[in-house]
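Just my_file-v7.pdb here, PDB, C-alpha atoms and all ligand atoms:
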MODEL        1
ATOM      1  CA  MET E   1      -9.014  -7.058  -7.057  1.00  0.00           C
ATOM      2  CA  GLN E   2     -11.044  -7.176  -3.828  1.00  0.00           C
ATOM      3  CA  ILE E   3     -11.274  -5.351  -0.484  1.00  0.00           C
ATOM      4  CA  ASN E   4     -13.049  -6.834   2.558  1.00  0.00           C
ATOM      5  CA  VAL E   5     -14.658  -4.194   4.797  1.00  0.00           C
ATOM      6  CA  ALA E   6     -15.853  -4.495   8.401  1.00  0.00           C
ATOM      7  CA  TYR E   7     -18.381  -1.744   9.092  1.00  0.00           C
ATOM      8  CA  LEU E   8     -18.292  -1.683  12.899  1.00  0.00           C
ATOM      9  CA  TYR E   9     -21.483  -1.178  14.920  1.00  0.00           C
ATOM     10  CA  PRO E  10     -23.486   0.888  12.380  1.00  0.00           C
ATOM     11  CA  GLY E  11     -26.600   0.456  14.479  1.00  0.00           C
ATOM     12  CA  LEU E  12     -24.961   2.371  17.327  1.00  0.00           C
ATOM     13  CA  LEU E  13     -22.252   4.664  15.903  1.00  0.00           C
ATOM     14  CA  ASN E  14     -23.588   6.438  12.830  1.00  0.00           C
ATOM     15  CA  ILE E  15     -24.153  10.032  13.846  1.00  0.00           C
ATOM     16  CA  TYR E  16     -24.000  12.786  11.192  1.00  0.00           C
ATOM     17  CA  GLY E  17     -24.391  10.263   8.366  1.00  0.00           C
ATOM     18  CA  ASP E  18     -21.000   8.698   8.933  1.00  0.00           C
ATOM     19  CA  ARG E  19     -22.294   5.793   6.805  1.00  0.00           C
ATOM     20  CA  GLY E  20     -21.438   8.122   3.900  1.00  0.00           C
ATOM     21  CA  ASN E  21     -17.783   7.200   4.434  1.00  0.00           C
ATOM     22  CA  VAL E  22     -18.464   3.546   3.614  1.00  0.00           C
ATOM     23  CA  LEU E  23     -20.571   4.581   0.600  1.00  0.00           C
ATOM     24  CA  ALA E  24     -17.832   6.860  -0.767  1.00  0.00           C
ATOM     25  CA  PHE E  25     -15.105   4.262  -0.187  1.00  0.00           C
ATOM     26  CA  SER E  26     -17.068   1.473  -1.900  1.00  0.00           C
ATOM     27  CA  GLN E  27     -18.268   3.684  -4.779  1.00  0.00           C
ATOM     28  CA  ARG E  28     -14.732   4.831  -5.652  1.00  0.00           C
ATOM     29  CA  CYS E  29     -13.744   1.153  -5.690  1.00  0.00           C
ATOM     30  CA  PHE E  30     -16.773   0.187  -7.808  1.00  0.00           C
ATOM     31  CA  TRP E  31     -15.902   2.833 -10.430  1.00  0.00           C
ATOM     32  CA  ARG E  32     -12.540   1.080 -10.784  1.00  0.00           C
ATOM     33  CA  ASP E  33     -13.908  -2.483 -10.902  1.00  0.00           C
ATOM     34  CA  ILE E  34     -12.484  -3.222  -7.452  1.00  0.00           C
ATOM     35  CA  LYS E  35     -14.828  -5.672  -5.663  1.00  0.00           C
ATOM     36  CA  VAL E  36     -15.832  -4.596  -2.122  1.00  0.00           C
ATOM     37  CA  ASN E  37     -17.387  -6.994   0.427  1.00  0.00           C
ATOM     38  CA  ILE E  38     -18.999  -5.014   3.260  1.00  0.00           C
ATOM     39  CA  SER E  39     -19.840  -6.867   6.494  1.00  0.00           C
ATOM     40  CA  GLU E  40     -21.880  -4.933   9.047  1.00  0.00           C
ATOM     41  CA  VAL E  41     -20.454  -6.022  12.414  1.00  0.00           C
ATOM     42  CA  GLU E  42     -22.929  -5.638  15.286  1.00  0.00           C
ATOM     43  CA  LEU E  43     -22.660  -6.391  19.033  1.00  0.00           C
ATOM     44  CA  GLY E  44     -21.753 -10.047  19.500  1.00  0.00           C
ATOM     45  CA  ASP E  45     -20.326 -10.537  15.982  1.00  0.00           C
ATOM     46  CA  LYS E  46     -16.743 -11.800  15.984  1.00  0.00           C
ATOM     47  CA  ILE E  47     -14.175 -10.091  13.755  1.00  0.00           C
ATOM     48  CA  ASP E  48     -11.637 -12.071  11.669  1.00  0.00           C
ATOM     49  CA  PRO E  49      -8.336 -10.146  11.605  1.00  0.00           C
ATOM     50  CA  GLU E  50      -7.088 -12.336   8.726  1.00  0.00           C
ATOM     51  CA  PHE E  51     -10.070 -11.530   6.495  1.00  0.00           C
ATOM     52  CA  TYR E  52     -10.752  -7.803   6.793  1.00  0.00           C
ATOM     53  CA  ASP E  53      -8.629  -5.203   5.004  1.00  0.00           C
ATOM     54  CA  PHE E  54     -10.597  -2.096   6.093  1.00  0.00           C
ATOM     55  CA  TYR E  55     -12.435  -1.318   9.345  1.00  0.00           C
ATOM     56  CA  PHE E  56     -14.777   1.666   9.610  1.00  0.00           C
ATOM     57  CA  ILE E  57     -16.328   2.970  12.846  1.00  0.00           C
ATOM     58  CA  GLY E  58     -18.452   6.120  13.023  1.00  0.00           C
ATOM     59  CA  GLY E  59     -19.277   8.615  15.728  1.00  0.00           C
ATOM     60  CA  GLY E  60     -21.964   8.664  18.386  1.00  0.00           C
ATOM     61  CA  GLN E  61     -23.109   9.996  21.715  1.00  0.00           C
ATOM     62  CA  ASP E  62     -21.662   8.910  25.057  1.00  0.00           C
ATOM     63  CA  GLN E  63     -24.512   6.418  25.641  1.00  0.00           C
ATOM     64  CA  GLN E  64     -23.812   4.466  22.446  1.00  0.00           C
ATOM     65  CA  GLN E  65     -20.081   4.670  23.119  1.00  0.00           C
ATOM     66  CA  ILE E  66     -20.549   2.790  26.410  1.00  0.00           C
ATOM     67  CA  ALA E  67     -22.048  -0.257  24.641  1.00  0.00           C
ATOM     68  CA  VAL E  68     -19.419  -0.209  21.894  1.00  0.00           C
ATOM     69  CA  SER E  69     -16.552   0.259  24.352  1.00  0.00           C
ATOM     70  CA  GLU E  70     -17.604  -2.911  26.209  1.00  0.00           C
ATOM     71  CA  GLU E  71     -17.859  -4.826  22.927  1.00  0.00           C
ATOM     72  CA  LEU E  72     -14.482  -3.643  21.657  1.00  0.00           C
ATOM     73  CA  GLN E  73     -12.808  -4.800  24.866  1.00  0.00           C
ATOM     74  CA  LYS E  74     -14.036  -8.366  24.240  1.00  0.00           C
ATOM     75  CA  GLN E  75     -12.161  -8.401  20.922  1.00  0.00           C
ATOM     76  CA  LYS E  76      -9.243  -6.125  21.814  1.00  0.00           C
ATOM     77  CA  PRO E  77      -6.526  -8.732  20.930  1.00  0.00           C
ATOM     78  CA  LEU E  78      -8.108  -9.341  17.509  1.00  0.00           C
ATOM     79  CA  PHE E  79      -8.212  -5.609  16.682  1.00  0.00           C
ATOM     80  CA  ALA E  80      -4.618  -5.257  17.901  1.00  0.00           C
ATOM     81  CA  GLU E  81      -3.573  -8.159  15.641  1.00  0.00           C
ATOM     82  CA  ALA E  82      -5.371  -6.581  12.661  1.00  0.00           C
ATOM     83  CA  ALA E  83      -3.718  -3.186  13.251  1.00  0.00           C
ATOM     84  CA  LYS E  84      -0.280  -4.786  13.718  1.00  0.00           C
ATOM     85  CA  ASN E  85      -0.727  -6.638  10.419  1.00  0.00           C
ATOM     86  CA  GLY E  86      -1.356  -3.371   8.586  1.00  0.00           C
ATOM     87  CA  ALA E  87      -5.144  -3.438   8.272  1.00  0.00           C
ATOM     88  CA  VAL E  88      -6.589  -0.010   7.514  1.00  0.00           C
ATOM     89  CA  PHE E  89      -8.878   1.602  10.088  1.00  0.00           C
ATOM     90  CA  LEU E  90     -10.881   4.807   9.760  1.00  0.00           C
ATOM     91  CA  ALA E  91     -12.571   5.995  12.965  1.00  0.00           C
ATOM     92  CA  ILE E  92     -14.692   9.122  13.259  1.00  0.00           C
ATOM     93  CA  CYS E  93     -15.117  11.116  16.476  1.00  0.00           C
ATOM     94  CA  GLY E  94     -16.746   8.819  19.066  1.00  0.00           C
ATOM     95  CA  GLY E  95     -15.300   5.790  17.264  1.00  0.00           C
ATOM     96  CA  TYR E  96     -11.908   7.545  17.118  1.00  0.00           C
ATOM     97  CA  GLN E  97     -11.965   8.137  20.864  1.00  0.00           C
ATOM     98  CA  LEU E  98     -12.442   4.392  21.462  1.00  0.00           C
ATOM     99  CA  LEU E  99      -9.371   3.401  19.412  1.00  0.00           C
ATOM    100  CA  GLY E 100      -7.209   5.247  21.952  1.00  0.00           C
ATOM    101  CA  HIS E 101      -6.547   4.217  25.557  1.00  0.00           C
ATOM    102  CA  TYR E 102      -9.728   5.675  27.083  1.00  0.00           C
ATOM    103  CA  TYR E 103     -12.496   8.268  26.860  1.00  0.00           C
ATOM    104  CA  LYS E 104     -13.486   9.933  30.167  1.00  0.00           C
ATOM    105  CA  PRO E 105     -16.989  11.399  29.742  1.00  0.00           C
ATOM    106  CA  HIS E 106     -18.435  14.105  32.002  1.00  0.00           C
ATOM    107  CA  LYS E 107     -20.509  11.604  33.930  1.00  0.00           C
ATOM    108  CA  GLY E 108     -19.821   8.007  34.838  1.00  0.00           C
ATOM    109  CA  GLU E 109     -16.918   5.658  34.425  1.00  0.00           C
ATOM    110  CA  GLU E 110     -14.012   6.035  32.031  1.00  0.00           C
ATOM    111  CA  LEU E 111     -14.698   4.140  28.770  1.00  0.00           C
ATOM    112  CA  ARG E 112     -11.780   1.845  27.940  1.00  0.00           C
ATOM    113  CA  GLY E 113     -10.384   1.965  24.409  1.00  0.00           C
ATOM    114  CA  ILE E 114      -8.435  -0.680  22.467  1.00  0.00           C
ATOM    115  CA  SER E 115      -5.153   1.317  22.328  1.00  0.00           C
ATOM    116  CA  ILE E 116      -4.427   0.872  18.629  1.00  0.00           C
ATOM    117  CA  LEU E 117      -3.841   4.633  18.735  1.00  0.00           C
ATOM    118  CA  ASP E 118      -1.577   6.168  21.400  1.00  0.00           C
ATOM    119  CA  ALA E 119      -4.108   8.760  22.512  1.00  0.00           C
ATOM    120  CA  TYR E 120      -6.570   9.505  25.305  1.00  0.00           C
ATOM    121  CA  THR E 121      -9.700  11.657  25.542  1.00  0.00           C
ATOM    122  CA  ILE E 122     -11.308  13.594  28.360  1.00  0.00           C
ATOM    123  CA  ALA E 123     -14.654  15.390  28.084  1.00  0.00           C
ATOM    124  CA  GLY E 124     -14.186  19.168  27.975  1.00  0.00           C
ATOM    125  CA  HIS E 125     -16.559  21.954  29.044  1.00  0.00           C
ATOM    126  CA  ASN E 126     -17.066  23.346  25.529  1.00  0.00           C
ATOM    127  CA  ARG E 127     -18.721  21.594  22.624  1.00  0.00           C
ATOM    128  CA  TYR E 128     -16.747  22.225  19.461  1.00  0.00           C
ATOM    129  CA  ILE E 129     -19.200  22.531  16.574  1.00  0.00           C
ATOM    130  CA  GLY E 130     -18.383  23.807  13.104  1.00  0.00           C
ATOM    131  CA  ASN E 131     -16.481  23.504   9.846  1.00  0.00           C
ATOM    132  CA  VAL E 132     -12.887  22.355   9.916  1.00  0.00           C
ATOM    133  CA  THR E 133     -10.042  22.696   7.427  1.00  0.00           C
ATOM    134  CA  ILE E 134      -6.693  21.076   8.094  1.00  0.00           C
ATOM    135  CA  GLU E 135      -3.402  20.907   6.199  1.00  0.00           C
ATOM    136  CA  THR E 136      -1.860  17.448   6.043  1.00  0.00           C
ATOM    137  CA  ASN E 137       1.555  15.998   5.238  1.00  0.00           C
ATOM    138  CA  LEU E 138       0.026  12.686   4.171  1.00  0.00           C
ATOM    139  CA  PRO E 139       1.130  11.682   0.613  1.00  0.00           C
ATOM    140  CA  LEU E 140      -2.188  12.645  -1.030  1.00  0.00           C
ATOM    141  CA  GLU E 141      -2.730  13.518  -4.705  1.00  0.00           C
ATOM    142  CA  ASN E 142      -3.884  16.992  -5.851  1.00  0.00           C
ATOM    143  CA  ALA E 143      -4.297  18.739  -2.479  1.00  0.00           C
ATOM    144  CA  ASN E 144      -2.857  18.897   1.052  1.00  0.00           C
ATOM    145  CA  THR E 145      -6.121  20.061   2.636  1.00  0.00           C
ATOM    146  CA  LEU E 146      -8.796  17.948   4.336  1.00  0.00           C
ATOM    147  CA  VAL E 147     -12.238  19.315   5.237  1.00  0.00           C
ATOM    148  CA  GLY E 148     -15.129  18.262   7.452  1.00  0.00           C
ATOM    149  CA  PHE E 149     -17.493  19.181  10.271  1.00  0.00           C
ATOM    150  CA  GLU E 150     -16.817  18.710  13.979  1.00  0.00           C
ATOM    151  CA  ASN E 151     -19.220  18.243  16.893  1.00  0.00           C
ATOM    152  CA  HIS E 152     -17.534  16.955  20.038  1.00  0.00           C
ATOM    153  CA  SER E 153     -16.848  17.886  23.654  1.00  0.00           C
ATOM    154  CA  GLY E 154     -14.094  15.322  23.948  1.00  0.00           C
ATOM    155  CA  LEU E 155     -10.514  16.627  24.028  1.00  0.00           C
ATOM    156  CA  THR E 156      -8.046  14.149  22.533  1.00  0.00           C
ATOM    157  CA  TYR E 157      -4.322  14.233  23.301  1.00  0.00           C
ATOM    158  CA  LEU E 158      -1.760  12.244  21.313  1.00  0.00           C
ATOM    159  CA  GLU E 159       1.143  10.385  22.880  1.00  0.00           C
ATOM    160  CA  GLU E 160       4.497   9.345  21.425  1.00  0.00           C
ATOM    161  CA  GLY E 161       4.121   6.786  18.643  1.00  0.00           C
ATOM    162  CA  THR E 162       1.047   8.390  17.133  1.00  0.00           C
ATOM    163  CA  GLU E 163       1.079  11.434  14.855  1.00  0.00           C
ATOM    164  CA  ALA E 164      -1.719  13.811  13.894  1.00  0.00           C
ATOM    165  CA  ILE E 165      -3.137  13.639  10.361  1.00  0.00           C
ATOM    166  CA  GLY E 166      -2.848  17.398  10.036  1.00  0.00           C
ATOM    167  CA  ARG E 167      -2.676  20.892  11.480  1.00  0.00           C
ATOM    168  CA  VAL E 168      -5.848  22.923  12.040  1.00  0.00           C
ATOM    169  CA  VAL E 169      -6.366  25.948   9.749  1.00  0.00           C
ATOM    170  CA  ILE E 170     -10.070  26.507  10.554  1.00  0.00           C
ATOM    171  CA  GLY E 171     -11.860  24.960  13.547  1.00  0.00           C
ATOM    172  CA  ASN E 172     -10.612  23.199  16.699  1.00  0.00           C
ATOM    173  CA  GLY E 173      -9.521  19.640  15.913  1.00  0.00           C
ATOM    174  CA  ASN E 174      -8.373  17.221  18.620  1.00  0.00           C
ATOM    175  CA  ASN E 175      -8.555  19.597  21.580  1.00  0.00           C
ATOM    176  CA  GLY E 176      -8.665  23.232  20.480  1.00  0.00           C
ATOM    177  CA  GLU E 177      -5.247  23.833  22.069  1.00  0.00           C
ATOM    178  CA  ASP E 178      -2.372  22.170  20.162  1.00  0.00           C
ATOM    179  CA  LYS E 179      -3.782  22.876  16.650  1.00  0.00           C
ATOM    180  CA  LEU E 180      -3.547  19.163  15.840  1.00  0.00           C
ATOM    181  CA  GLU E 181      -6.338  17.123  14.261  1.00  0.00           C
ATOM    182  CA  GLY E 182      -6.812  13.395  14.070  1.00  0.00           C
ATOM    183  CA  ALA E 183      -4.323  10.610  14.613  1.00  0.00           C
ATOM    184  CA  ARG E 184      -2.389   8.010  12.667  1.00  0.00           C
ATOM    185  CA  LYS E 185      -0.445   4.966  13.787  1.00  0.00           C
ATOM    186  CA  GLN E 186       0.610   2.495  11.041  1.00  0.00           C
ATOM    187  CA  ASN E 187      -2.598   2.282   8.927  1.00  0.00           C
ATOM    188  CA  VAL E 188      -4.953   3.222  11.747  1.00  0.00           C
ATOM    189  CA  PHE E 189      -6.543   6.660  11.210  1.00  0.00           C
ATOM    190  CA  GLY E 190      -8.828   8.617  13.518  1.00  0.00           C
ATOM    191  CA  THR E 191     -10.399  12.006  12.945  1.00  0.00           C
ATOM    192  CA  TYR E 192     -13.025  14.332  14.389  1.00  0.00           C
ATOM    193  CA  LEU E 193     -14.174  15.215  10.889  1.00  0.00           C
ATOM    194  CA  HIS E 194     -17.751  14.253  10.190  1.00  0.00           C
ATOM    195  CA  GLY E 195     -19.430  15.507   7.075  1.00  0.00           C
ATOM    196  CA  SER E 196     -19.349  12.702   6.233  1.00  0.00           C
ATOM    197  CA  PHE E 197     -15.618  12.897   5.810  1.00  0.00           C
ATOM    198  CA  LEU E 198     -14.651  10.828   2.755  1.00  0.00           C
ATOM    199  CA  PRO E 199     -17.102  12.126   0.093  1.00  0.00           C
ATOM    200  CA  LYS E 200     -15.561  15.632   0.224  1.00  0.00           C
ATOM    201  CA  ASN E 201     -11.993  14.302   0.506  1.00  0.00           C
ATOM    202  CA  PRO E 202     -11.605  12.047  -2.575  1.00  0.00           C
ATOM    203  CA  HIS E 203      -7.802  12.144  -2.347  1.00  0.00           C
ATOM    204  CA  PHE E 204      -7.869  10.711   1.193  1.00  0.00           C
ATOM    205  CA  THR E 205     -10.436   8.093   0.127  1.00  0.00           C
ATOM    206  CA  ASP E 206      -8.123   6.965  -2.678  1.00  0.00           C
ATOM    207  CA  TYR E 207      -5.184   6.890  -0.260  1.00  0.00           C
ATOM    208  CA  LEU E 208      -7.112   4.473   2.006  1.00  0.00           C
ATOM    209  CA  ILE E 209      -8.086   2.316  -0.997  1.00  0.00           C
ATOM    210  CA  GLN E 210      -4.432   2.213  -2.073  1.00  0.00           C
ATOM    211  CA  LEU E 211      -3.316   1.150   1.434  1.00  0.00           C
ATOM    212  CA  CYS E 212      -5.944  -1.613   1.472  1.00  0.00           C
ATOM    213  CA  LEU E 213      -4.950  -2.947  -1.966  1.00  0.00           C
ATOM    214  CA  GLU E 214      -1.244  -2.883  -1.149  1.00  0.00           C
ATOM    215  CA  ARG E 215      -1.903  -5.462   1.603  1.00  0.00           C
ATOM    216  CA  ASN E 216      -2.692  -8.121  -1.002  1.00  0.00           C
ATOM    217  CA  TYR E 217      -1.535  -6.814  -4.388  1.00  0.00           C
ATOM    218  CA  SER E 218       1.666  -5.241  -5.657  1.00  0.00           C
ATOM    219  CA  ARG E 219       1.621  -1.453  -5.961  1.00  0.00           C
ATOM    220  CA  VAL E 220      -1.392  -0.544  -8.079  1.00  0.00           C
ATOM    221  CA  LYS E 221      -2.096   2.776  -9.759  1.00  0.00           C
ATOM    222  CA  LEU E 222      -5.741   3.717  -9.293  1.00  0.00           C
ATOM    223  CA  ALA E 223      -7.510   4.625 -12.556  1.00  0.00           C
ATOM    224  CA  GLU E 224      -8.535   8.278 -12.938  1.00  0.00           C
ATOM    225  CA  ILE E 225     -12.289   8.825 -12.487  1.00  0.00           C
ATOM    226  CA  ASN E 226     -14.601  11.736 -13.154  1.00  0.00           C
ATOM    227  CA  ASP E 227     -14.802  13.260  -9.657  1.00  0.00           C
ATOM    228  CA  LYS E 228     -15.311  16.903 -10.569  1.00  0.00           C
ATOM    229  CA  LEU E 229     -18.269  17.126  -8.168  1.00  0.00           C
ATOM    230  CA  GLU E 230     -16.279  15.777  -5.228  1.00  0.00           C
ATOM    231  CA  TRP E 231     -13.449  18.248  -5.888  1.00  0.00           C
ATOM    232  CA  ALA E 232     -15.920  21.132  -6.273  1.00  0.00           C
ATOM    233  CA  ALA E 233     -17.371  20.204  -2.851  1.00  0.00           C
ATOM    234  CA  HIS E 234     -13.873  19.990  -1.361  1.00  0.00           C
ATOM    235  CA  LYS E 235     -12.770  23.364  -2.740  1.00  0.00           C
ATOM    236  CA  LYS E 236     -16.029  25.016  -1.602  1.00  0.00           C
ATOM    237  CA  ALA E 237     -15.432  23.760   1.932  1.00  0.00           C
ATOM    238  CA  VAL E 238     -11.747  24.718   2.198  1.00  0.00           C
ATOM    239  CA  LYS E 239     -11.306  27.557   4.725  1.00  0.00           C
ATOM    240  CA  ARG E 240     -15.080  27.820   5.099  1.00  0.00           C
ATOM    241  CA  LYS E 241     -15.958  29.118   8.569  1.00  0.00           C
ATOM    242  CA  TYR E 242     -19.779  29.156   8.509  1.00  0.00           C
TER     243      TYR E 242
HETATM  244  N1  LIG B 301     -19.605  11.740  22.609  1.00  0.00           N
HETATM  245  C1  LIG B 301     -18.336  12.164  22.050  1.00  0.00           C
HETATM  246  C2  LIG B 301     -18.055  13.667  22.279  1.00  0.00           C
HETATM  247  O1  LIG B 301     -18.957  14.435  22.468  1.00  0.00           O
HETATM  248  C3  LIG B 301     -18.288  11.881  20.546  1.00  0.00           C
HETATM  249  C4  LIG B 301     -19.322  12.699  19.757  1.00  0.00           C
HETATM  250  C5  LIG B 301     -19.377  12.331  18.277  1.00  0.00           C
HETATM  251  O2  LIG B 301     -19.106  11.193  17.877  1.00  0.00           O
HETATM  252  N2  LIG B 301     -19.814  13.335  17.437  1.00  0.00           N
HETATM  253  O3  LIG B 301     -16.893  14.061  22.217  1.00  0.00           O
ENDMDL
END
I'd like the structure from this file rewritten - as structure tokens, please.
Amino acid sequence: MQINVAYLYPGLLNIYGDRGNVLAFSQRCFWRDIKVNISEVELGDKIDPEFYDFYFIGGGQDQQQIAVSEELQKQKPLFAEAAKNGAVFLAICGGYQLLGHYYKPHKGEELRGISILDAYTIAGHNRYIGNVTIETNLPLENANTLVGFENHSGLTYLEEGTEAIGRVVIGNGNNGEDKLEGARKQNVFGTYLHGSFLPKNPHFTDYLIQLCLERNYSRVKLAEINDKLEWAAHKKAVKRKY
């Protein structure tokens, strides 16, 4: 079996080691003999919505988001086609903000998003920095918690048609007000959780792998692997404040 991955704009959006998400995803595939082709997509590279199963975009500061926002707009119809056809997206923080309708930073113009999530973001006056634990209703194996680290001033609000990936137990999440964190529409996922996110959430990583495989293969059961370390890291981080 094979999964084709588009790693979007790693030269610009890769704050807090978000590359670790692509490493964790591909390693958990490798341990199960699932072939993973990773294409690093930079400014000017065209995406092929027929080819890619999984799109990853990391976080970054407002400056880098400006360049990526302009690039995403050029390929907005292709990303919309990919999302409509069930491709899996994982977007972290600054990348997450750009999958919604817009991100309005403190200074300068509103950055347009590609609207594959029904959400919008406005820069707030506080910077939310710290550990986050959320409880999720996603159909994950072994645990209903997800952990990570947030660092954002953006406040994200979800609209009808897009649900959160979980409720905040520790930390702030989307906006520090509605106790919601992240967003999901079809197989498009966004979250404020850096860390990087996937290594300490093996159950969510496997869920994404499963969604990718189900696009091209009948329901597969992922082989068990020795991930004691990952689970020890997850359990250590659950409900951790400092
Ligand atoms: N610049 C955005 C914000 O501060 C995203 C930051 C990030 O990706 N960590 O909200």
Could you list, as a list in words, all residues that come within 8 Å of ligand LIG 301 (chain B)? Count all atoms listed in the file.
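After applying the 8 Å limit, what remains is Leu13, Ile15, Tyr16, Gly58, Gly59, Gly60, Gln61, Asp62, Gln63, Gln65, Ile92, Cys93, Gly94, Gly95, Gln97, Pro105, Ala123, Arg127, Glu150, Asn151, His152, Ser153, Gly154, Leu155, Tyr192 and His194 of chain E.
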Go through E:Gly86, E:Gly17, E:Gly171, E:Pro10 and flag the residue nearest Val68 (chain E), using only C-alpha atoms for the distances.
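Residue with the minimum atom-to-atom distance to Val68 (chain E): E:Pro10.
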Between E:Phe197, E:Phe204, E:Phe54, E:Tyr103, which one has atoms that come closest to Ala87 (chain E), using only C-alpha atoms?
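When distances to Ala87 (chain E) are compared using only C-alpha atoms, the smallest one comes from E:Phe54.
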Could you tell me which of E:Ala6, E:Ile34, E:Ala91, E:Leu146 comes closest to Lys46 (chain E) if we count only C-alpha atoms?
E:Ala6
Selected residue, from E:Gln73, E:Val220, E:Glu181, E:Glu50, that lies nearest to Asp206 (chain E) when counting only C-alpha atoms
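Nearest to Asp206 (chain E): E:Val220.
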Given the PyMOL selection byres (((chain E and resi 106-116) around 7) and not hetatm), the residues it picks as a PyMOL selection string:
chain E and resi 66+69+72-73+76+80+83+98-105+117-118+123
Assuming the chain letters and numbering stay as they are in my file, what does the PyMOL selection byres (((chain E and resi 134-136) around 7) and not hetatm) actually select? List them as a PyMOL selection string.
chain E and resi 132-133+137-138+144-147+165-170
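Considering the residues E:Ala119, E:Leu229, E:Val188, E:Leu213 and counting only C-alpha atoms, Met1 (chain E) has its shortest atom-to-atom contact with E:Leu213.
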Quote the spacing between CA of Phe89 (chain E) and CA of Ala164 (chain E) in Å to one decimal place.
14.7 Å
Within 10 Å of file point (-19.1, -8.4, -1.8), counting only C-alpha atoms, expressed as a ChimeraX atom specification:
/E:2-5,35-39
Hey, can you spit out that residue selection with C-alpha atoms as a PDB file, keeping the file's coordinate frame?
ATOM      1  CA  GLN E   2     -11.044  -7.176  -3.828  1.00  0.00           C
ATOM      2  CA  ILE E   3     -11.274  -5.351  -0.484  1.00  0.00           C
ATOM      3  CA  ASN E   4     -13.049  -6.834   2.558  1.00  0.00           C
ATOM      4  CA  VAL E   5     -14.658  -4.194   4.797  1.00  0.00           C
ATOM      5  CA  LYS E  35     -14.828  -5.672  -5.663  1.00  0.00           C
ATOM      6  CA  VAL E  36     -15.832  -4.596  -2.122  1.00  0.00           C
ATOM      7  CA  ASN E  37     -17.387  -6.994   0.427  1.00  0.00           C
ATOM      8  CA  ILE E  38     -18.999  -5.014   3.260  1.00  0.00           C
ATOM      9  CA  SER E  39     -19.840  -6.867   6.494  1.00  0.00           C
TER      10      SER E  39
END
Counting only C-alpha atoms, the option among E:Glu42, E:Glu70, E:Leu180, E:Gly148 closest to Leu193 (chain E):
E:Gly148
Please, what distance in Å, to one decimal, runs between CA of Leu43 (chain E) and CA of Glu71 (chain E)?
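Between CA of Leu43 (chain E) and CA of Glu71 (chain E) the gap works out to 6.4 Å.
The spacing separating CA of Lys185 (chain E) from CA of Thr162 (chain E) amounts to 5.0 Å.
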Check what the PyMOL selection byres (((chain E and resi 208) around 12) and not hetatm) selects in the file above and give those residues as a PDB file with C-alpha atoms, keeping the file's coordinate frame.
ATOM      1  CA  ILE E   3     -11.274  -5.351  -0.484  1.00  0.00           C
ATOM      2  CA  VAL E   5     -14.658  -4.194   4.797  1.00  0.00           C
ATOM      3  CA  ASN E  21     -17.783   7.200   4.434  1.00  0.00           C
ATOM      4  CA  VAL E  22     -18.464   3.546   3.614  1.00  0.00           C
ATOM      5  CA  ALA E  24     -17.832   6.860  -0.767  1.00  0.00           C
ATOM      6  CA  PHE E  25     -15.105   4.262  -0.187  1.00  0.00           C
ATOM      7  CA  SER E  26     -17.068   1.473  -1.900  1.00  0.00           C
ATOM      8  CA  ARG E  28     -14.732   4.831  -5.652  1.00  0.00           C
ATOM      9  CA  CYS E  29     -13.744   1.153  -5.690  1.00  0.00           C
ATOM     10  CA  ASP E  53      -8.629  -5.203   5.004  1.00  0.00           C
ATOM     11  CA  PHE E  54     -10.597  -2.096   6.093  1.00  0.00           C
ATOM     12  CA  TYR E  55     -12.435  -1.318   9.345  1.00  0.00           C
ATOM     13  CA  PHE E  56     -14.777   1.666   9.610  1.00  0.00           C
ATOM     14  CA  GLY E  86      -1.356  -3.371   8.586  1.00  0.00           C
ATOM     15  CA  ALA E  87      -5.144  -3.438   8.272  1.00  0.00           C
ATOM     16  CA  VAL E  88      -6.589  -0.010   7.514  1.00  0.00           C
ATOM     17  CA  PHE E  89      -8.878   1.602  10.088  1.00  0.00           C
ATOM     18  CA  LEU E  90     -10.881   4.807   9.760  1.00  0.00           C
ATOM     19  CA  LEU E 138       0.026  12.686   4.171  1.00  0.00           C
ATOM     20  CA  PRO E 139       1.130  11.682   0.613  1.00  0.00           C
ATOM     21  CA  LEU E 140      -2.188  12.645  -1.030  1.00  0.00           C
ATOM     22  CA  ASN E 187      -2.598   2.282   8.927  1.00  0.00           C
ATOM     23  CA  VAL E 188      -4.953   3.222  11.747  1.00  0.00           C
ATOM     24  CA  PHE E 189      -6.543   6.660  11.210  1.00  0.00           C
ATOM     25  CA  LEU E 198     -14.651  10.828   2.755  1.00  0.00           C
ATOM     26  CA  ASN E 201     -11.993  14.302   0.506  1.00  0.00           C
ATOM     27  CA  PRO E 202     -11.605  12.047  -2.575  1.00  0.00           C
ATOM     28  CA  HIS E 203      -7.802  12.144  -2.347  1.00  0.00           C
ATOM     29  CA  PHE E 204      -7.869  10.711   1.193  1.00  0.00           C
ATOM     30  CA  THR E 205     -10.436   8.093   0.127  1.00  0.00           C
ATOM     31  CA  ASP E 206      -8.123   6.965  -2.678  1.00  0.00           C
ATOM     32  CA  TYR E 207      -5.184   6.890  -0.260  1.00  0.00           C
ATOM     33  CA  ILE E 209      -8.086   2.316  -0.997  1.00  0.00           C
ATOM     34  CA  GLN E 210      -4.432   2.213  -2.073  1.00  0.00           C
ATOM     35  CA  LEU E 211      -3.316   1.150   1.434  1.00  0.00           C
ATOM     36  CA  CYS E 212      -5.944  -1.613   1.472  1.00  0.00           C
ATOM     37  CA  LEU E 213      -4.950  -2.947  -1.966  1.00  0.00           C
ATOM     38  CA  GLU E 214      -1.244  -2.883  -1.149  1.00  0.00           C
ATOM     39  CA  ARG E 215      -1.903  -5.462   1.603  1.00  0.00           C
ATOM     40  CA  LEU E 222      -5.741   3.717  -9.293  1.00  0.00           C
TER      41      LEU E 222
END
Centre, edges in Å (one decimal): axis-aligned box, region 217-236 of chain E, 8 Å padding on all six sides, as lines of an AutoDock Vina configuration file:
center_x = -8.3
center_y = 9.1
center_z = -7.3
size_x = 35.9
size_y = 47.8
size_z = 27.8
